[in-house]
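K.L.:
Please find work.cif (mmCIF, C-alpha atoms) on the next line:
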data_start
loop_
_atom_site.group_PDB
_atom_site.id
_atom_site.type_symbol
_atom_site.label_atom_id
_atom_site.label_comp_id
_atom_site.auth_asym_id
_atom_site.auth_seq_id
_atom_site.Cartn_x
_atom_site.Cartn_y
_atom_site.Cartn_z
ATOM 1 C CA MET A 238 -4.231 291.099 -44.963
ATOM 2 C CA PRO A 239 -5.420 294.534 -43.804
ATOM 3 C CA ASN A 240 -7.020 296.859 -46.300
ATOM 4 C CA ARG A 241 -6.008 300.500 -46.711
ATOM 5 C CA ARG A 242 -8.545 301.793 -44.131
ATOM 6 C CA GLU A 243 -7.467 299.227 -41.476
ATOM 7 C CA PHE A 244 -3.819 300.007 -42.197
ATOM 8 C CA LEU A 245 -4.421 303.750 -41.618
ATOM 9 C CA GLN A 246 -6.378 303.058 -38.410
ATOM 10 C CA ILE A 247 -3.598 300.855 -37.064
ATOM 11 C CA GLY A 248 -1.030 303.511 -37.964
ATOM 12 C CA LEU A 249 -3.060 306.271 -36.316
ATOM 13 C CA VAL A 250 -3.597 304.289 -33.107
ATOM 14 C CA SER A 251 0.041 303.210 -32.873
ATOM 15 C CA SER A 252 1.255 306.770 -33.422
ATOM 16 C CA THR A 253 -0.754 307.953 -30.396
ATOM 17 C CA LEU A 254 0.573 305.280 -28.024
ATOM 18 C CA PRO A 255 3.761 307.181 -27.095
ATOM 19 C CA ILE A 256 1.696 310.311 -26.434
ATOM 20 C CA LEU A 257 -0.753 308.391 -24.258
ATOM 21 C CA ALA A 258 2.097 306.702 -22.407
ATOM 22 C CA GLY A 259 3.739 310.089 -21.852
ATOM 23 C CA GLU A 260 0.519 311.497 -20.432
ATOM 24 C CA GLN A 261 0.281 308.624 -17.993
ATOM 25 C CA SER A 262 3.856 309.055 -16.838
ATOM 26 C CA GLU A 263 3.318 312.814 -16.531
ATOM 27 C CA ALA A 264 0.227 312.195 -14.410
ATOM 28 C CA SER A 265 2.100 309.861 -12.077
ATOM 29 C CA SER A 266 5.107 312.189 -11.858
ATOM 30 C CA TYR A 267 2.721 315.107 -11.307
ATOM 31 C CA SER A 268 1.501 313.512 -8.096
ATOM 32 C CA ARG A 269 5.113 312.948 -6.966
ATOM 33 C CA VAL A 270 6.274 316.412 -7.999
ATOM 34 C CA ASN A 271 3.364 318.173 -6.300
ATOM 35 C CA ARG A 272 4.035 316.504 -2.972
ATOM 36 C CA LEU A 273 6.604 317.589 -0.450
ATOM 37 C CA GLN A 274 9.587 315.300 -0.944
ATOM 38 C CA MET A 275 10.511 314.148 2.543
ATOM 39 C CA HIS A 276 14.254 313.543 2.905
ATOM 40 C CA ALA A 277 14.288 311.673 6.210
ATOM 41 C CA VAL A 278 12.667 311.321 9.611
ATOM 42 C CA ILE A 279 14.096 311.841 13.081
ATOM 43 C CA VAL A 280 12.762 309.917 16.061
ATOM 44 C CA GLU A 281 13.288 309.797 19.803
ATOM 45 C CA THR A 282 14.339 306.182 20.370
ATOM 46 C CA THR A 283 13.012 306.080 23.946
ATOM 47 C CA SER A 284 9.456 306.913 22.807
ATOM 48 C CA PRO A 285 6.976 304.174 21.835
ATOM 49 C CA LEU A 286 5.046 306.751 19.788
ATOM 50 C CA ALA A 287 8.172 307.763 17.851
ATOM 51 C CA LEU A 288 9.243 304.153 17.288
ATOM 52 C CA ALA A 289 5.825 303.313 15.797
ATOM 53 C CA PHE A 290 6.243 306.316 13.488
ATOM 54 C CA ARG A 291 9.771 305.211 12.558
ATOM 55 C CA ALA A 292 8.666 301.686 11.608
ATOM 56 C CA ALA A 293 5.887 303.008 9.365
ATOM 57 C CA ALA A 294 8.148 305.682 7.803
ATOM 58 C CA VAL A 295 10.886 303.155 6.986
ATOM 59 C CA GLU A 296 8.242 300.879 5.466
ATOM 60 C CA ARG A 297 7.371 303.793 3.162
ATOM 61 C CA GLY A 298 10.992 304.142 2.069
ATOM 62 C CA LEU A 299 12.143 307.024 4.272
ATOM 63 C CA GLU A 300 15.547 307.102 5.914
ATOM 64 C CA ALA A 301 15.255 307.256 9.720
ATOM 65 C CA HIS A 302 17.654 308.771 12.257
ATOM 66 C CA GLY A 303 17.350 307.875 15.929
ATOM 67 C CA ILE A 304 18.296 310.233 18.751
ATOM 68 C CA GLN A 305 18.023 310.237 22.536
ATOM 69 C CA ASP A 306 17.111 313.867 23.251
ATOM 70 C CA ASP A 307 20.468 314.979 21.874
ATOM 71 C CA ILE A 308 20.772 316.000 18.252
ATOM 72 C CA THR A 309 24.453 317.006 18.472
ATOM 73 C CA ASP A 310 25.894 314.015 16.583
ATOM 74 C CA LEU A 311 23.114 314.016 14.000
ATOM 75 C CA TRP A 312 23.515 317.756 13.514
ATOM 76 C CA TYR A 313 27.291 317.784 13.010
ATOM 77 C CA ASN A 314 27.591 314.518 11.079
ATOM 78 C CA VAL A 315 24.509 314.670 8.845
ATOM 79 C CA LEU A 316 22.145 317.626 8.902
ATOM 80 C CA ASP A 317 24.612 320.532 8.884
ATOM 81 C CA ARG A 318 26.478 319.073 5.893
ATOM 82 C CA GLN A 319 23.296 318.180 4.038
ATOM 83 C CA TRP A 320 21.573 321.537 4.644
ATOM 84 C CA LYS A 321 24.691 323.443 3.524
ATOM 85 C CA SER A 322 24.494 321.771 0.114
ATOM 86 C CA ALA A 323 20.700 321.532 -0.254
ATOM 87 C CA PRO A 324 18.157 322.127 2.496
ATOM 88 C CA ALA A 325 15.652 319.278 2.469
ATOM 89 C CA ALA A 326 12.409 318.519 4.263
ATOM 90 C CA LEU A 327 12.453 316.490 7.471
ATOM 91 C CA ALA A 328 9.739 315.155 9.725
ATOM 92 C CA GLY A 329 9.928 313.644 13.144
ATOM 93 C CA ILE A 330 8.543 312.758 16.499
ATOM 94 C CA THR A 331 10.919 313.920 19.192
ATOM 95 C CA LEU A 332 10.967 315.524 22.586
ATOM 96 C CA SER A 333 10.100 319.214 22.448
ATOM 97 C CA THR A 334 13.674 320.134 23.454
ATOM 98 C CA SER A 335 15.070 318.398 20.364
ATOM 99 C CA LEU A 336 12.617 320.205 18.107
ATOM 100 C CA PHE A 337 13.584 323.529 19.683
ATOM 101 C CA CYS A 338 17.239 322.942 18.703
ATOM 102 C CA LEU A 339 16.355 321.764 15.191
ATOM 103 C CA GLU A 340 14.027 324.723 14.654
ATOM 104 C CA THR A 341 16.768 327.137 15.745
ATOM 105 C CA PHE A 342 19.339 325.573 13.406
ATOM 106 C CA ALA A 343 16.844 325.397 10.525
ATOM 107 C CA ARG A 344 16.358 329.176 10.506
ATOM 108 C CA ASP A 345 20.017 329.655 9.540
ATOM 109 C CA TYR A 346 19.421 327.524 6.438
ATOM 110 C CA GLY A 347 16.227 329.195 5.236
ATOM 111 C CA MET A 348 13.977 326.542 6.718
ATOM 112 C CA ARG A 349 11.107 326.622 9.177
ATOM 113 C CA VAL A 350 8.639 324.438 11.053
ATOM 114 C CA TRP A 351 5.491 324.183 8.923
ATOM 115 C CA PHE A 352 3.612 321.799 11.183
ATOM 116 C CA ARG A 353 3.714 320.649 14.789
ATOM 117 C CA ALA A 354 1.490 318.499 16.971
ATOM 118 C CA LEU A 355 2.039 318.386 20.721
ATOM 119 C CA HIS A 356 0.920 315.100 22.281
ATOM 120 C CA TYR A 357 -0.652 314.888 25.722
ATOM 121 C CA LYS A 358 -2.270 312.220 27.831
ATOM 122 C CA THR A 359 -5.669 313.298 29.150
ATOM 123 C CA ALA A 360 -6.997 312.417 32.606
ATOM 124 C CA ASN A 361 -9.042 309.567 31.113
ATOM 125 C CA GLY A 362 -5.954 308.095 29.424
ATOM 126 C CA ARG A 363 -6.797 309.189 25.893
ATOM 127 C CA ALA A 364 -4.409 310.885 23.516
ATOM 128 C CA GLU A 365 -4.832 314.582 22.844
ATOM 129 C CA HIS A 366 -2.994 316.327 20.019
ATOM 130 C CA LEU A 367 -2.635 320.101 19.876
ATOM 131 C CA ILE A 368 -2.022 320.632 16.159
ATOM 132 C CA SER A 369 -0.726 323.929 14.746
ATOM 133 C CA GLY A 370 0.816 325.233 11.555
ATOM 134 C CA ASP A 371 -0.182 325.713 7.937
ATOM 135 C CA GLU A 372 -3.992 325.658 7.707
ATOM 136 C CA ARG A 373 -4.109 322.950 5.045
ATOM 137 C CA LEU A 374 -1.759 320.670 6.978
ATOM 138 C CA VAL A 375 -3.673 321.161 10.235
ATOM 139 C CA GLU A 376 -6.976 320.242 8.591
ATOM 140 C CA GLN A 377 -5.490 317.111 7.029
ATOM 141 C CA ALA A 378 -3.764 316.045 10.257
ATOM 142 C CA ALA A 379 -6.968 316.562 12.253
ATOM 143 C CA ALA A 380 -8.602 313.946 10.037
ATOM 144 C CA LEU A 381 -5.919 311.274 10.616
ATOM 145 C CA ASP A 382 -7.355 308.022 11.836
ATOM 146 C CA GLY A 383 -5.779 305.150 13.687
ATOM 147 C CA GLU A 384 -2.722 305.179 15.898
ATOM 148 C CA TRP A 385 -0.875 308.502 15.564
ATOM 149 C CA GLY A 386 2.617 307.122 14.746
ATOM 150 C CA PRO A 387 1.696 305.134 11.621
ATOM 151 C CA ALA A 388 -0.935 307.717 10.609
ATOM 152 C CA PHE A 389 1.662 310.509 10.813
ATOM 153 C CA ALA A 390 4.031 308.453 8.613
ATOM 154 C CA ARG A 391 1.297 308.190 5.962
ATOM 155 C CA PHE A 392 0.680 311.918 6.350
ATOM 156 C CA VAL A 393 4.305 313.048 5.852
ATOM 157 C CA THR A 394 4.721 310.932 2.718
ATOM 158 C CA ALA A 395 1.662 312.534 1.092
ATOM 159 C CA VAL A 396 1.906 316.247 1.974
ATOM 160 C CA PRO A 397 0.759 318.165 -1.124
ATOM 161 C CA LEU A 398 2.470 321.368 -2.196
ATOM 162 C CA ALA A 399 -0.196 324.042 -2.280
ATOM 163 C CA LYS A 400 -0.274 327.663 -1.248
ATOM 164 C CA SER A 401 -1.847 328.440 2.107
ATOM 165 C CA SER A 402 -0.836 331.414 4.179
ATOM 166 C CA ASP A 403 -3.214 331.002 7.104
ATOM 167 C CA LEU A 404 -2.078 329.475 10.352
ATOM 168 C CA ARG A 405 -4.475 327.309 12.250
ATOM 169 C CA GLN A 406 -4.608 325.497 15.551
ATOM 170 C CA LYS A 407 -6.844 322.590 16.512
ATOM 171 C CA ILE A 408 -7.162 320.130 19.380
ATOM 172 C CA VAL A 409 -7.978 316.544 18.448
ATOM 173 C CA GLU A 410 -8.687 313.743 20.905
ATOM 174 C CA THR A 411 -8.334 310.146 19.857
ATOM 175 C CA ALA A 412 -9.582 306.983 21.478
ATOM 176 C CA ALA A 413 -6.152 305.374 21.477
ATOM 177 C CA LEU A 414 -4.451 305.229 24.843
ATOM 178 C CA VAL A 415 -1.096 306.940 25.096
ATOM 179 C CA SER A 416 1.791 304.791 26.278
ATOM 180 C CA GLU A 417 4.295 306.174 28.751
ATOM 181 C CA GLU A 418 6.551 308.638 27.010
ATOM 182 C CA PRO A 419 9.940 310.014 28.103
ATOM 183 C CA GLY A 420 8.594 313.596 28.137
ATOM 184 C CA PRO A 421 6.506 316.033 26.100
ATOM 185 C CA MET A 422 6.486 314.582 22.575
ATOM 186 C CA VAL A 423 5.929 316.583 19.414
ATOM 187 C CA SER A 424 5.404 315.591 15.782
ATOM 188 C CA TRP A 425 6.732 318.086 13.266
ATOM 189 C CA ILE A 426 7.628 318.912 9.666
ATOM 190 C CA ILE A 427 10.540 321.218 8.818
ATOM 191 C CA ALA A 428 10.919 322.351 5.211
ATOM 192 C CA PRO A 429 12.484 325.242 3.275
ATOM 193 C CA ARG A 430 10.678 328.572 3.392
ATOM 194 C CA GLY A 431 8.657 329.291 0.274
ATOM 195 C CA ILE A 432 8.162 325.619 -0.565
ATOM 196 C CA PHE A 433 4.423 325.873 0.021
#
Represent the structure contained in this file as structure tokens.

P.N.:
Amino acid sequence: MPNRREFLQIGLVSSTLPILAGEQSEASSYSRVNRLQMHAVIVETTSPLALAFRAAAVERGLEAHGIQDDITDLWYNVLDRQWKSAPAALAGITLSTSLFCLETFARDYGMRVWFRALHYKTANGRAEHLISGDERLVEQAAALDGEWGPAFARFVTAVPLAKSSDLRQKIVETAALVSEEPGPMVSWIIAPRGIF
């Protein structure tokens, strides 16, 4: 049988358990809340790079939309309706023409492109990425390792929300060989203005 001192210690410890549990849940929700919540990804289905990104993004729980250099159906049936009710962040790897259309539509809904990476094949067959956008995002993307598609999926599911007003541009060359692509591919993140 516990004495008075042990009884008080047990009572004190048990009364702090809900507080400690709340702090742990706040810490885990803090990391979720302070990251950009990605709504979905859009991929060019004729691109091996985009398909690798799609597989990794779906594995991380993101909804994926496939296009073939024509966003008309996706725009009218999904994005326009969704952005009218609540603009949400998107990421993708598409042809540059598809991004141009999405970027134009996004402006009407208070959204903008925060990050883009143009992908090229160098003369020696290596991949070159011309990365531009928010300084913090460019620095993080320049440090991505491994194949770009899966690495970009990890990147878009962990983008922190932090203020940065500087724009930056950087060229990164990777050892991975680029497969044949249907045209100039670009990785991008579109999100509401003022979110960062």

K.L.:
Looking at A:Ile330, A:Ile279, A:Leu288, A:Leu273, which one is nearest to Val315 (chain A), with distances taken over all atoms listed in the file?

P.N.:
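Between A:Ile330, A:Ile279, A:Leu288, A:Leu273, the residue approaching Val315 (chain A) most closely is A:Ile279.
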
K.L.:
Write out as a list in words the residues lying within 12 Å of Trp320 (chain A), counting all atoms listed in the file and excluding same-chain residues fewer than 3 positions away.

P.N.:
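Using all atoms listed in the file, the neighbours found are His276, Trp312, Tyr313, Asn314, Val315, Leu316, Asp317, Ala323, Pro324, Ala325, Ala326, Leu327, Leu339, Phe342, Ala343, Arg344, Asp345, Tyr346, Gly347, Met348, Ile427, Ala428 and Pro429 of chain A.
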
K.L.:
For Ile368 (chain A), work out the shell of residues within 7 Å, counting only C-alpha atoms and skipping chain neighbours fewer than 2 positions away, then give it as a ChimeraX atom specification.

P.N.:
/A:353-355,366,375,406-408

K.L.:
With C-alpha atoms retained, write the just-selected residues as a compact mmCIF listing (two decimals), in the frame of the given file.

P.N.:
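Printed below is result13.txt as written:
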# COMPACT_ATOMS: atom_id res chain seq x y z
CA ARG A 353 3.71 320.65 14.79
CA ALA A 354 1.49 318.50 16.97
CA LEU A 355 2.04 318.39 20.72
CA HIS A 366 -2.99 316.33 20.02
CA VAL A 375 -3.67 321.16 10.24
CA GLN A 406 -4.61 325.50 15.55
CA LYS A 407 -6.84 322.59 16.51
CA ILE A 408 -7.16 320.13 19.38

K.L.:
Name the residues captured by the PyMOL selection byres ((chain A and resi 332) around 6) when it is applied to the shown file; answer as a CSV table (one decimal) with C-alpha atoms, in the coordinates of the input.

P.N.:
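Final output, result-v9.csv:
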chain,number,residue,atom,x,y,z
A,331,THR,CA,10.9,313.9,19.2
A,333,SER,CA,10.1,319.2,22.4
A,334,THR,CA,13.7,320.1,23.5
A,335,SER,CA,15.1,318.4,20.4
A,421,PRO,CA,6.5,316.0,26.1
A,422,MET,CA,6.5,314.6,22.6

K.L.:
Please, what distance in Å, to one decimal, runs between CA of Glu418 (chain A) and CA of Ala395 (chain A)?

P.N.:
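Separating CA of Glu418 (chain A) from CA of Ala395 (chain A) is a distance of 26.7 Å.
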
K.L.:
Check what the PyMOL selection byres ((chain A and resi 419) around 7) selects in the file above and give those residues as a ChimeraX atom specification.

P.N.:
/A:283-284,417-418,420
